[in-house]
Each structure stands twice: as structure tokens, then as C-alpha cells.
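Trainee: Before I ask anything, here is the structure I am working with.
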Amino acid sequence: MRKLLKSTDLRTFTGVRDYTIMLLLLETGVRASELIGIETDDIRWEDSMILVRNTKGHRERLVPFQSKIARAESFYERDLESCRK
């Protein structure tokens, strides 16, 4: 798994995006179908939780995340904003 994470180029937008996605899948245990439904407003930075809405059982749930994910996500958001300009 480390090799896969290290294979991303964190100097590019797609590399940061891919790294963030892999890290979220690995460290939170969310399913890929749940991950694609996560929106920026679903991320609760103040208590390091993500609201997952598209669950298998059709129930919302809160999933904790670590600071490593927060750092990767903040880089991704910054890069995303610069691409929109």
C-alpha cells in the first residue's frame, strides 16, 4: 500500500487528488460508492469527521478521519480552487 501511495505525484493536481482518495479509502474504510457522494460541506474539520450519506444501508453516518487526511484534503481544495480561476 505504501508503494501505491508513494506512486502519486504530489506536485500535480491529479496526484494530490488520487493520494487523497486512496488515503480516505484506506484510513476511513468508506466504500468507493460512499466516497463519491462526499461533498465539501460533509467534512467537519472542527471535530475531524466526515458525514457519509450514500451508505449501503441508506443511513447517514459520521466517520472520523486523521490529520494526515486533513492535510491532503486541504492541498486538494487549494489546488481545486486554483483550477477554477
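Letters for chains follow the order of the C-alpha cells (A, B, ...), residue numbers begin at 1 for each chain, and ligand numbers begin at 1 in the order shown.
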Please identify all polymer residues within 12 Å of A:Arg2, counting only C-alpha atoms, omitting same-chain residues fewer than 5 positions from it, and present them as a ChimeraX atom specification.
Mentor: /A:7-8,19,22-23,26
Trainee: Could you pull the residues within 9 Å of A:Leu35, counting only C-alpha atoms, minus those fewer than 5 positions along the same chain, as a ChimeraX atom specification?
Mentor: /A:21,24-25,30,52,54
Trainee: Please produce an output containing N, CA and C atoms for each residue in the selection, written as a short mmCIF file (atom, residue, chain, number, x, y, z; two decimals), in the first residue's frame.
Mentor:
```cif
data_model
loop_
_atom_site.label_atom_id
_atom_site.label_comp_id
_atom_site.auth_asym_id
_atom_site.auth_seq_id
_atom_site.Cartn_x
_atom_site.Cartn_y
_atom_site.Cartn_z
N ILE A 21 -7.81 10.50 -2.26
CA ILE A 21 -8.82 9.45 -2.42
C ILE A 21 -8.32 8.13 -1.82
N LEU A 24 -8.24 8.37 2.00
CA LEU A 24 -9.59 8.30 2.58
C LEU A 24 -10.13 6.87 2.58
N LEU A 25 -9.96 6.18 1.47
CA LEU A 25 -10.42 4.79 1.40
C LEU A 25 -9.70 3.91 2.41
N VAL A 30 -14.39 3.76 4.18
CA VAL A 30 -15.59 4.02 3.39
C VAL A 30 -15.50 3.28 2.07
N VAL A 52 -21.09 10.69 5.90
CA VAL A 52 -21.23 9.80 4.74
C VAL A 52 -22.72 9.58 4.54
N ASN A 54 -24.30 8.35 1.29
CA ASN A 54 -24.68 7.29 0.35
C ASN A 54 -24.23 5.93 0.86
#
```
Trainee: Pick out the residues sitting within 6 Å of A:Ile50, and hand them over as a list in words; count only C-alpha atoms, and ignore anything fewer than 3 positions along from it in its own chain.
Mentor: Asp42, Ile43, Arg44, Leu62 and Val63 of chain A
Trainee: Could you please determine the separation between atom CA of A:Glu46 and atom CA of A:His58 in Å, to one decimal place?
Mentor: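 So the answer is 25.4 Å.
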Trainee: So how far away is atom CA of A:Arg59 from atom CA of A:Met1, in Å?
Mentor: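 Separation of atom CA of A:Met1 and atom CA of A:Arg59: 29.7 Å.
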